[in-house]
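Structure file structure-v6.cif with mmCIF, C-alpha atoms:
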data_input
loop_
_atom_site.group_PDB
_atom_site.id
_atom_site.type_symbol
_atom_site.label_atom_id
_atom_site.label_comp_id
_atom_site.auth_asym_id
_atom_site.auth_seq_id
_atom_site.Cartn_x
_atom_site.Cartn_y
_atom_site.Cartn_z
ATOM 1 C CA MET Y 261 139.248 -8.621 92.611
ATOM 2 C CA SER Y 262 142.036 -6.651 94.086
ATOM 3 C CA ARG Y 263 143.860 -8.131 96.950
ATOM 4 C CA PHE Y 264 143.742 -4.904 98.684
ATOM 5 C CA LYS Y 265 140.429 -3.425 99.631
ATOM 6 C CA ARG Y 266 140.005 0.336 99.646
ATOM 7 C CA ARG Y 267 139.735 1.470 103.179
ATOM 8 C CA LYS Y 268 136.559 3.386 103.875
ATOM 9 C CA SER Y 269 136.997 6.881 105.188
ATOM 10 C CA PRO Y 270 135.451 7.393 108.552
ATOM 11 C CA GLU Y 271 132.040 9.095 108.535
ATOM 12 C CA LYS Y 272 132.011 12.769 109.520
ATOM 13 C CA GLU Y 273 130.147 13.625 112.598
ATOM 14 C CA PRO Y 274 127.235 16.135 112.075
ATOM 15 C CA LYS Y 275 128.067 19.702 113.037
ATOM 16 C CA LEU Y 276 125.663 20.407 115.815
ATOM 17 C CA GLU Y 277 126.691 24.121 116.053
ATOM 18 C CA ARG Y 278 125.095 25.044 112.627
ATOM 19 C CA TRP Y 279 121.986 26.284 114.430
ATOM 20 C CA LEU Y 280 124.076 29.025 115.883
ATOM 21 C CA VAL Y 281 124.546 30.534 112.406
ATOM 22 C CA SER Y 282 120.811 30.627 111.781
ATOM 23 C CA TYR Y 283 120.188 31.978 115.239
ATOM 24 C CA ALA Y 284 122.744 34.710 114.737
ATOM 25 C CA ASP Y 285 121.119 35.668 111.411
ATOM 26 C CA PHE Y 286 117.715 35.765 113.063
ATOM 27 C CA ILE Y 287 118.975 37.928 115.920
ATOM 28 C CA THR Y 288 120.641 40.301 113.424
ATOM 29 C CA LEU Y 289 117.459 40.676 111.386
ATOM 30 C CA LEU Y 290 115.383 41.135 114.519
ATOM 31 C CA PHE Y 291 117.758 43.820 115.713
ATOM 32 C CA ALA Y 292 117.506 45.560 112.336
ATOM 33 C CA VAL Y 293 113.684 45.473 112.540
ATOM 34 C CA PHE Y 294 113.685 47.027 116.012
ATOM 35 C CA VAL Y 295 116.153 49.688 114.920
ATOM 36 C CA MET Y 296 113.932 50.531 111.951
ATOM 37 C CA LEU Y 297 110.794 50.678 114.126
ATOM 38 C CA TYR Y 298 112.559 52.884 116.624
ATOM 39 C CA ALA Y 299 113.751 55.212 113.886
ATOM 40 C CA MET Y 300 110.210 55.410 112.477
ATOM 41 C CA SER Y 301 108.779 56.242 115.877
ATOM 42 C CA ILE Y 302 111.281 59.057 116.279
ATOM 43 C CA VAL Y 303 110.405 60.539 112.832
ATOM 44 C CA ASP Y 304 106.673 60.406 113.517
ATOM 45 C CA GLN Y 305 107.098 62.088 116.875
ATOM 46 C CA LYS Y 306 109.211 64.768 115.265
ATOM 47 C CA LYS Y 307 106.559 65.408 112.637
ATOM 48 C CA MET Y 308 103.874 65.492 115.276
ATOM 49 C CA ASN Y 309 105.833 68.075 117.241
ATOM 50 C CA GLU Y 310 106.237 70.195 114.106
ATOM 51 C CA VAL Y 311 102.508 70.058 113.335
ATOM 52 C CA GLN Y 312 101.611 70.914 116.932
ATOM 53 C CA ALA Y 313 104.023 73.832 116.971
ATOM 54 C CA SER Y 314 102.650 75.111 113.661
ATOM 55 C CA ILE Y 315 99.051 75.034 114.905
ATOM 56 C CA GLN Y 316 99.954 76.809 118.134
ATOM 57 C CA ALA Y 317 101.859 79.465 116.199
ATOM 58 C CA SER Y 318 98.890 80.026 113.840
ATOM 59 C CA PHE Y 319 96.505 80.737 116.700
ATOM 60 C CA SER Y 320 98.839 82.741 118.907
ATOM 61 C CA ARG Y 321 100.942 84.878 116.590
ATOM 62 C CA ASP Y 322 100.143 88.532 115.811
ATOM 63 C CA ILE Y 323 99.147 89.441 112.279
ATOM 64 C CA SER Y 324 102.099 91.110 110.591
ATOM 65 C CA PRO Y 325 101.864 93.431 107.560
ATOM 66 C CA THR Y 326 105.078 91.917 106.202
ATOM 67 C CA PRO Y 327 104.280 89.516 103.337
ATOM 68 C CA PRO Y 328 105.302 85.903 104.015
ATOM 69 C CA LYS Y 329 108.396 84.499 102.407
ATOM 70 C CA VAL Y 330 108.493 81.677 99.899
ATOM 71 C CA ILE Y 331 111.362 79.185 100.119
ATOM 72 C CA GLY Y 332 113.740 79.619 97.251
ATOM 73 C CA ASP Y 333 116.434 81.885 95.927
ATOM 74 C CA ARG Y 334 113.956 84.789 95.522
ATOM 75 C CA ASP Y 335 111.364 86.444 97.725
ATOM 76 C CA PHE Y 336 107.838 86.772 96.406
ATOM 77 C CA GLY Y 337 104.937 88.756 97.850
ATOM 78 C CA LEU Y 338 101.549 87.162 98.144
ATOM 79 C CA ILE Y 339 99.188 87.685 95.205
ATOM 80 C CA PRO Y 340 95.732 88.444 96.702
ATOM 81 C CA GLU Y 341 92.947 86.259 95.303
ATOM 82 C CA VAL Y 342 90.173 88.445 96.692
ATOM 83 C CA LEU Y 343 90.209 92.237 96.628
ATOM 84 C CA ASP Y 344 90.034 93.818 100.060
ATOM 85 C CA GLN Y 345 86.476 95.112 100.065
ATOM 86 C CA SER Y 346 87.076 97.406 103.012
ATOM 87 C CA SER Y 347 89.967 99.114 101.196
ATOM 88 C CA LEU Y 348 87.830 99.473 98.085
ATOM 89 C CA SER Y 349 85.006 100.991 100.112
ATOM 90 C CA ARG Y 350 87.406 103.442 101.789
ATOM 91 C CA GLY Y 351 88.766 104.459 98.390
ATOM 92 C CA GLN Y 352 85.276 105.082 97.051
ATOM 93 C CA ASP Y 353 84.338 107.101 100.130
ATOM 94 C CA GLU Y 354 87.460 109.245 99.793
ATOM 95 C CA ALA Y 355 86.814 109.834 96.078
ATOM 96 C CA SER Y 356 83.197 110.748 96.805
ATOM 97 C CA ALA Y 357 84.260 113.182 99.550
ATOM 98 C CA ALA Y 358 86.795 114.837 97.230
ATOM 99 C CA GLU Y 359 84.143 115.101 94.526
ATOM 100 C CA THR Y 360 81.683 116.734 96.948
ATOM 101 C CA ARG Y 361 84.332 119.239 98.059
ATOM 102 C CA ASN Y 362 84.985 120.181 94.438
ATOM 103 C CA PHE Y 363 81.264 120.668 93.768
ATOM 104 C CA SER Y 364 80.947 122.805 96.890
ATOM 105 C CA ARG Y 365 83.865 124.978 95.757
ATOM 106 C CA ILE Y 366 82.249 125.557 92.360
ATOM 107 C CA LYS Y 367 78.925 126.293 94.060
ATOM 108 C CA GLU Y 368 80.523 128.991 96.223
ATOM 109 C CA GLU Y 369 82.178 130.525 93.177
ATOM 110 C CA VAL Y 370 78.857 130.649 91.308
ATOM 111 C CA LEU Y 371 77.159 132.151 94.384
ATOM 112 C CA ALA Y 372 79.734 134.914 94.442
ATOM 113 C CA ASN Y 373 78.915 135.699 90.811
ATOM 114 C CA LEU Y 374 75.202 135.745 91.604
ATOM 115 C CA GLN Y 375 75.759 138.400 94.249
ATOM 116 C CA GLU Y 376 77.753 140.469 91.751
ATOM 117 C CA PHE Y 377 74.910 140.314 89.227
ATOM 118 C CA ALA Y 378 72.160 140.479 91.857
ATOM 119 C CA ALA Y 379 70.679 137.353 90.315
ATOM 120 C CA LYS Y 380 70.282 135.138 93.381
ATOM 121 C CA ASN Y 381 66.582 134.568 92.691
ATOM 122 C CA GLU Y 382 67.201 133.553 89.085
ATOM 123 C CA VAL Y 383 69.588 130.663 89.766
ATOM 124 C CA GLY Y 384 69.296 127.747 92.167
ATOM 125 C CA LEU Y 385 72.276 125.685 93.339
ATOM 126 C CA THR Y 386 72.153 122.242 94.958
ATOM 127 C CA VAL Y 387 74.810 119.632 95.753
ATOM 128 C CA ASN Y 388 73.324 116.144 96.101
ATOM 129 C CA GLU Y 389 74.060 112.545 95.134
ATOM 130 C CA ARG Y 390 73.566 113.430 91.467
ATOM 131 C CA GLY Y 391 76.273 116.096 91.638
ATOM 132 C CA LEU Y 392 76.082 119.884 91.413
ATOM 133 C CA VAL Y 393 72.756 121.106 89.990
ATOM 134 C CA ILE Y 394 72.660 124.704 88.672
ATOM 135 C CA SER Y 395 69.050 125.604 87.859
ATOM 136 C CA LEU Y 396 68.499 128.488 85.444
ATOM 137 C CA LYS Y 397 64.951 129.733 85.880
ATOM 138 C CA GLU Y 398 62.960 130.627 82.814
ATOM 139 C CA ALA Y 399 62.117 134.115 84.110
ATOM 140 C CA GLY Y 400 65.793 135.097 84.171
ATOM 141 C CA PHE Y 401 67.084 133.345 81.055
ATOM 142 C CA PHE Y 402 64.378 132.440 78.548
ATOM 143 C CA PRO Y 403 61.484 134.482 77.181
ATOM 144 C CA SER Y 404 58.198 132.624 77.572
ATOM 145 C CA GLY Y 405 57.603 130.059 74.828
ATOM 146 C CA THR Y 406 61.063 130.474 73.235
ATOM 147 C CA ALA Y 407 64.298 128.494 73.339
ATOM 148 C CA GLY Y 408 66.996 131.149 72.963
ATOM 149 C CA VAL Y 409 68.755 132.692 75.997
ATOM 150 C CA GLN Y 410 67.849 136.350 76.323
ATOM 151 C CA ALA Y 411 70.676 138.835 75.798
ATOM 152 C CA GLN Y 412 70.686 140.391 79.283
ATOM 153 C CA ALA Y 413 71.287 136.945 80.838
ATOM 154 C CA LEU Y 414 74.392 136.153 78.768
ATOM 155 C CA PRO Y 415 76.976 137.891 81.045
ATOM 156 C CA LEU Y 416 75.750 135.839 84.009
ATOM 157 C CA LEU Y 417 75.752 132.677 81.891
ATOM 158 C CA ASP Y 418 79.335 133.473 80.876
ATOM 159 C CA LYS Y 419 80.339 133.664 84.543
ATOM 160 C CA ILE Y 420 78.675 130.310 85.270
ATOM 161 C CA ALA Y 421 80.395 128.771 82.248
ATOM 162 C CA ALA Y 422 83.783 130.029 83.471
ATOM 163 C CA SER Y 423 83.189 128.527 86.921
ATOM 164 C CA ILE Y 424 82.375 125.046 85.599
ATOM 165 C CA SER Y 425 84.775 124.946 82.634
ATOM 166 C CA GLY Y 426 87.615 123.473 84.695
ATOM 167 C CA SER Y 427 85.565 120.563 86.026
ATOM 168 C CA ALA Y 428 86.320 117.088 84.679
ATOM 169 C CA SER Y 429 82.825 115.863 85.558
ATOM 170 C CA PRO Y 430 80.460 115.090 82.682
ATOM 171 C CA ILE Y 431 77.799 117.767 82.234
ATOM 172 C CA ARG Y 432 74.165 117.104 81.457
ATOM 173 C CA ILE Y 433 71.882 119.926 80.322
ATOM 174 C CA GLU Y 434 68.269 119.169 81.276
ATOM 175 C CA GLY Y 435 65.276 121.119 79.966
ATOM 176 C CA HIS Y 436 62.070 121.296 82.069
ATOM 177 C CA THR Y 437 58.656 122.935 81.676
ATOM 178 C CA ASP Y 438 55.445 123.165 83.666
ATOM 179 C CA ASN Y 439 52.321 121.201 82.718
ATOM 180 C CA VAL Y 440 50.674 123.980 80.725
ATOM 181 C CA PRO Y 441 50.500 122.964 77.037
ATOM 182 C CA VAL Y 442 52.730 125.119 74.868
ATOM 183 C CA LYS Y 443 51.019 127.200 72.155
ATOM 184 C CA SER Y 444 53.620 127.708 69.451
ATOM 185 C CA PRO Y 445 54.022 126.476 65.861
ATOM 186 C CA ALA Y 446 57.725 125.919 66.566
ATOM 187 C CA PHE Y 447 57.083 123.594 69.517
ATOM 188 C CA PRO Y 448 54.215 121.122 69.149
ATOM 189 C CA SER Y 449 54.554 120.115 72.823
ATOM 190 C CA ASN Y 450 56.540 120.722 75.972
ATOM 191 C CA TRP Y 451 58.911 117.927 74.906
ATOM 192 C CA GLU Y 452 60.207 119.992 71.997
ATOM 193 C CA LEU Y 453 60.401 123.190 74.046
ATOM 194 C CA SER Y 454 62.325 121.630 76.955
ATOM 195 C CA THR Y 455 64.766 119.885 74.612
ATOM 196 C CA ALA Y 456 65.253 122.981 72.428
ATOM 197 C CA ARG Y 457 66.194 125.105 75.447
ATOM 198 C CA ALA Y 458 68.749 122.527 76.585
ATOM 199 C CA ASN Y 459 70.157 122.324 73.037
ATOM 200 C CA SER Y 460 70.411 126.115 72.880
ATOM 201 C CA LEU Y 461 72.483 126.149 76.055
ATOM 202 C CA VAL Y 462 74.783 123.358 74.868
ATOM 203 C CA HIS Y 463 75.507 125.164 71.588
ATOM 204 C CA TYR Y 464 76.370 128.317 73.517
ATOM 205 C CA LEU Y 465 78.797 126.480 75.825
ATOM 206 C CA ILE Y 466 80.537 124.812 72.885
ATOM 207 C CA GLU Y 467 80.650 127.744 70.477
ATOM 208 C CA LYS Y 468 81.283 130.598 72.919
ATOM 209 C CA HIS Y 469 83.307 128.891 75.673
ATOM 210 C CA GLY Y 470 84.918 125.946 73.867
ATOM 211 C CA PHE Y 471 83.400 123.153 75.942
ATOM 212 C CA ASN Y 472 84.167 119.649 74.746
ATOM 213 C CA GLY Y 473 81.021 118.239 73.167
ATOM 214 C CA ALA Y 474 82.045 114.709 74.232
ATOM 215 C CA ASN Y 475 81.645 115.817 77.848
ATOM 216 C CA LEU Y 476 78.142 117.215 77.320
ATOM 217 C CA SER Y 477 74.735 115.610 76.980
ATOM 218 C CA VAL Y 478 71.236 116.984 76.444
ATOM 219 C CA THR Y 479 67.832 115.791 77.588
ATOM 220 C CA GLY Y 480 64.349 117.228 77.727
ATOM 221 C CA TYR Y 481 61.922 116.130 80.442
ATOM 222 C CA ALA Y 482 58.988 118.403 79.557
ATOM 223 C CA GLN Y 483 56.683 118.598 82.607
ATOM 224 C CA TYR Y 484 57.595 115.169 83.999
ATOM 225 C CA ARG Y 485 60.360 116.113 86.468
ATOM 226 C CA PRO Y 486 58.746 118.901 88.528
ATOM 227 C CA ILE Y 487 60.394 120.287 91.652
ATOM 228 C CA ALA Y 488 57.231 122.074 92.828
ATOM 229 C CA ASP Y 489 53.481 121.730 92.598
ATOM 230 C CA ASN Y 490 52.158 122.642 89.160
ATOM 231 C CA ALA Y 491 48.806 123.498 90.717
ATOM 232 C CA THR Y 492 50.099 126.932 91.745
ATOM 233 C CA ASP Y 493 51.533 129.763 89.699
ATOM 234 C CA GLU Y 494 54.623 129.917 91.930
ATOM 235 C CA GLY Y 495 55.183 126.177 91.522
ATOM 236 C CA ARG Y 496 54.926 126.392 87.750
ATOM 237 C CA LYS Y 497 57.535 129.202 87.710
ATOM 238 C CA LEU Y 498 59.965 126.971 89.589
ATOM 239 C CA ASN Y 499 59.350 124.063 87.233
ATOM 240 C CA ARG Y 500 60.129 126.102 84.103
ATOM 241 C CA ARG Y 501 63.903 125.835 84.143
ATOM 242 C CA VAL Y 502 67.054 124.463 82.533
ATOM 243 C CA ASP Y 503 69.395 122.536 84.832
ATOM 244 C CA ILE Y 504 73.149 122.383 84.296
ATOM 245 C CA VAL Y 505 74.162 119.215 86.137
ATOM 246 C CA LEU Y 506 77.809 118.437 86.887
ATOM 247 C CA LEU Y 507 77.368 114.727 87.331
ATOM 248 C CA SER Y 508 78.927 112.788 90.174
ATOM 249 C CA ARG Y 509 80.202 109.268 89.530
ATOM 250 C CA LYS Y 510 76.918 107.889 90.800
ATOM 251 C CA GLY Y 511 74.911 110.375 88.781
ATOM 252 C CA ALA Y 512 76.830 109.526 85.608
ATOM 253 C CA GLN Y 513 75.890 105.854 85.981
ATOM 254 C CA GLY Y 514 72.200 106.673 85.562
ATOM 255 C CA GLU Y 515 69.201 107.361 87.704
ATOM 256 C CA VAL Y 516 66.045 105.547 88.620
ATOM 257 C CA LEU Y 517 63.087 107.375 87.151
ATOM 258 C CA ARG Y 518 61.080 109.179 89.756
ATOM 259 C CA SER Y 519 57.487 110.272 89.410
ATOM 260 C CA GLY Y 520 56.597 113.745 90.635
ATOM 261 C CA ALA Y 521 53.325 115.464 91.355
ATOM 262 C CA GLU Y 522 52.221 117.759 88.604
#

Show me, as structure tokens, the structure contained in the file I just sent.
Amino acid sequence: MSRFKRRKSPEKEPKLERWLVSYADFITLLFAVFVMLYAMSIVDQKKMNEVQASIQASFSRDISPTPPKVIGDRDFGLIPEVLDQSSLSRGQDEASAAETRNFSRIKEEVLANLQEFAAKNEVGLTVNERGLVISLKEAGFFPSGTAGVQAQALPLLDKIAASISGSASPIRIEGHTDNVPVKSPAFPSNWELSTARANSLVHYLIEKHGFNGANLSVTGYAQYRPIADNATDEGRKLNRRVDIVLLSRKGAQGEVLRSGAE
């Protein structure tokens, strides 16, 4: 054993101020938490103010025709998802009014020609939802029981053709008869007679006046579309006719069949 004993170092006293470090850390973290909560409360309030201002602006602002802007380096107009029905309706009304004015102009021109030929009682003119209807009465244009236009009526027919030649409306030629059965080997019934008269008129318009066949159509109604009572001689005269119909847009889309008194 050594003669000299190692002297023990004196024990260190515990550092009682170590709690201050933990306390300081706690206070720092607590301060950071409160700062964060305060910042969050400010952001939420700001957002709330923005939402409130946006709602108030939506209910109080005037509607402007200027399209809204989209954030970015370019401006884009809104693409409508639903067609404005009121604008569409206005456009249709304007087109219909223009169409009616055009039909009325042609009607007046044909009327002037009728006065020149003193044929007012041989032709009827009507503007309705179907379009412009020019009715050629049998007595003035077709010999009884035949389909060809009589020669003395051709100059008047030429004038009518000239008046309607510039119209872009589709043209339907409609043959009509009364309810008296036809007695002719060439026409077994009024169906054949009414259709043959309409066909005769179409061929004349194409061959003599150069009408476009794609713009023409032919139909024969026999006695089933009367405009007067077939019980009287006067009514039957009115029903024996060929109608030149300049079809309106609505008329070109088709018609609901109507029954008439015979």

Two-atom distance - atom CA of Lys443 of chain Y, atom CA of Asn381 of chain Y (Å):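 Taking atom CA of Lys443 of chain Y as the start and atom CA of Asn381 of chain Y as the end point, the length is 26.8 Å.
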
Residue among Y:Thr406, Y:Ser364, Y:Ser508, Y:Ser429 lying closest to Ala474 of chain Y, counting all atoms listed in the file: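 Residue with the minimum atom-to-atom distance to Ala474 of chain Y: Y:Ser429.
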
Polymer residues at most 8 Å from Asn475 of chain Y, only C-alpha atoms, same-chain spacing of 4 or more positions, as an NGL selection string: :Y and (429-431 or 471)

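Here atom CA of Ile433 of chain Y stands at a distance of 17.6 Å from atom CA of Ala399 of chain Y.
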
The PyMOL selection byres ((chain Y and resi 476) around 12) resolved against shown file, as a ChimeraX atom specification: /Y:425,427-434,458-459,461-466,470-475,477-479,504-507,512

Around (60.8, 124.6, 87.3), as given in the file, which residues come within 7 Å? Count all atoms listed in the file and list them as a short mmCIF file (atom, residue, chain, number, x, y, z; two decimals) with C-alpha atoms, keeping the file's coordinate frame.
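Saved to point35.cif:
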data_model
loop_
_atom_site.label_atom_id
_atom_site.label_comp_id
_atom_site.auth_asym_id
_atom_site.auth_seq_id
_atom_site.Cartn_x
_atom_site.Cartn_y
_atom_site.Cartn_z
CA LYS Y 397 64.95 129.73 85.88
CA HIS Y 436 62.07 121.30 82.07
CA THR Y 437 58.66 122.94 81.68
CA ASP Y 438 55.44 123.16 83.67
CA PRO Y 486 58.75 118.90 88.53
CA ILE Y 487 60.39 120.29 91.65
CA ARG Y 496 54.93 126.39 87.75
CA LYS Y 497 57.54 129.20 87.71
CA LEU Y 498 59.96 126.97 89.59
CA ASN Y 499 59.35 124.06 87.23
CA ARG Y 500 60.13 126.10 84.10
CA ARG Y 501 63.90 125.84 84.14
#

With N, CA and C atoms as the goal, would you fill in the gaps in segment 387-407 of chain Y and present it as a CSV table (one decimal), in the coordinates of the input?
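Wrote rebuild19.csv, looks like this:
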chain,number,residue,atom,x,y,z
Y,387,VAL,N,73.9,120.7,95.8
Y,387,VAL,CA,74.8,119.6,95.8
Y,387,VAL,C,74.1,118.4,96.4
Y,388,ASN,N,74.0,117.4,95.6
Y,388,ASN,CA,73.3,116.1,96.1
Y,388,ASN,C,74.0,114.9,95.5
Y,389,GLU,N,73.4,113.8,95.6
Y,389,GLU,CA,74.1,112.5,95.1
Y,389,GLU,C,74.2,112.5,93.6
Y,390,ARG,N,73.4,113.3,92.9
Y,390,ARG,CA,73.6,113.4,91.5
Y,390,ARG,C,74.8,114.3,91.1
Y,391,GLY,N,75.2,115.2,91.9
Y,391,GLY,CA,76.3,116.1,91.6
Y,391,GLY,C,75.9,117.5,92.0
Y,392,LEU,N,76.4,118.5,91.2
Y,392,LEU,CA,76.1,119.9,91.4
Y,392,LEU,C,75.0,120.3,90.4
Y,393,VAL,N,73.9,120.7,90.9
Y,393,VAL,CA,72.8,121.1,90.0
Y,393,VAL,C,72.6,122.6,90.0
Y,394,ILE,N,72.8,123.3,88.8
Y,394,ILE,CA,72.7,124.7,88.7
Y,394,ILE,C,71.4,124.9,87.9
Y,395,SER,N,70.4,125.4,88.5
Y,395,SER,CA,69.0,125.6,87.9
Y,395,SER,C,68.9,127.0,87.4
Y,396,LEU,N,68.7,127.2,86.1
Y,396,LEU,CA,68.5,128.5,85.4
Y,396,LEU,C,67.0,128.6,85.2
Y,397,LYS,N,66.4,129.6,86.0
Y,397,LYS,CA,65.0,129.7,85.9
Y,397,LYS,C,64.6,130.5,84.6
Y,398,GLU,N,63.4,130.1,84.1
Y,398,GLU,CA,63.0,130.6,82.8
Y,398,GLU,C,62.9,132.2,82.9
Y,399,ALA,N,62.3,132.7,84.0
Y,399,ALA,CA,62.1,134.1,84.1
Y,399,ALA,C,63.4,134.9,83.9
Y,400,GLY,N,64.5,134.3,84.3
Y,400,GLY,CA,65.8,135.1,84.2
Y,400,GLY,C,66.6,134.8,82.9
Y,401,PHE,N,66.2,133.7,82.2
Y,401,PHE,CA,67.1,133.3,81.1
Y,401,PHE,C,66.3,133.1,79.7
Y,402,PHE,N,65.1,132.7,79.8
Y,402,PHE,CA,64.4,132.4,78.5
Y,402,PHE,C,63.0,133.2,78.5
Y,403,PRO,N,62.8,133.9,77.4
Y,403,PRO,CA,61.5,134.5,77.2
Y,403,PRO,C,60.4,133.4,77.1
Y,404,SER,N,59.2,133.6,77.5
Y,404,SER,CA,58.2,132.6,77.6
Y,404,SER,C,57.9,132.1,76.2
Y,405,GLY,N,57.9,130.7,76.1
Y,405,GLY,CA,57.6,130.1,74.8
Y,405,GLY,C,58.7,130.0,73.8
Y,406,THR,N,59.9,130.5,74.2
Y,406,THR,CA,61.1,130.5,73.2
Y,406,THR,C,62.2,129.7,73.8
Y,407,ALA,N,63.2,129.4,72.9
Y,407,ALA,CA,64.3,128.5,73.3
Y,407,ALA,C,65.6,129.2,73.5
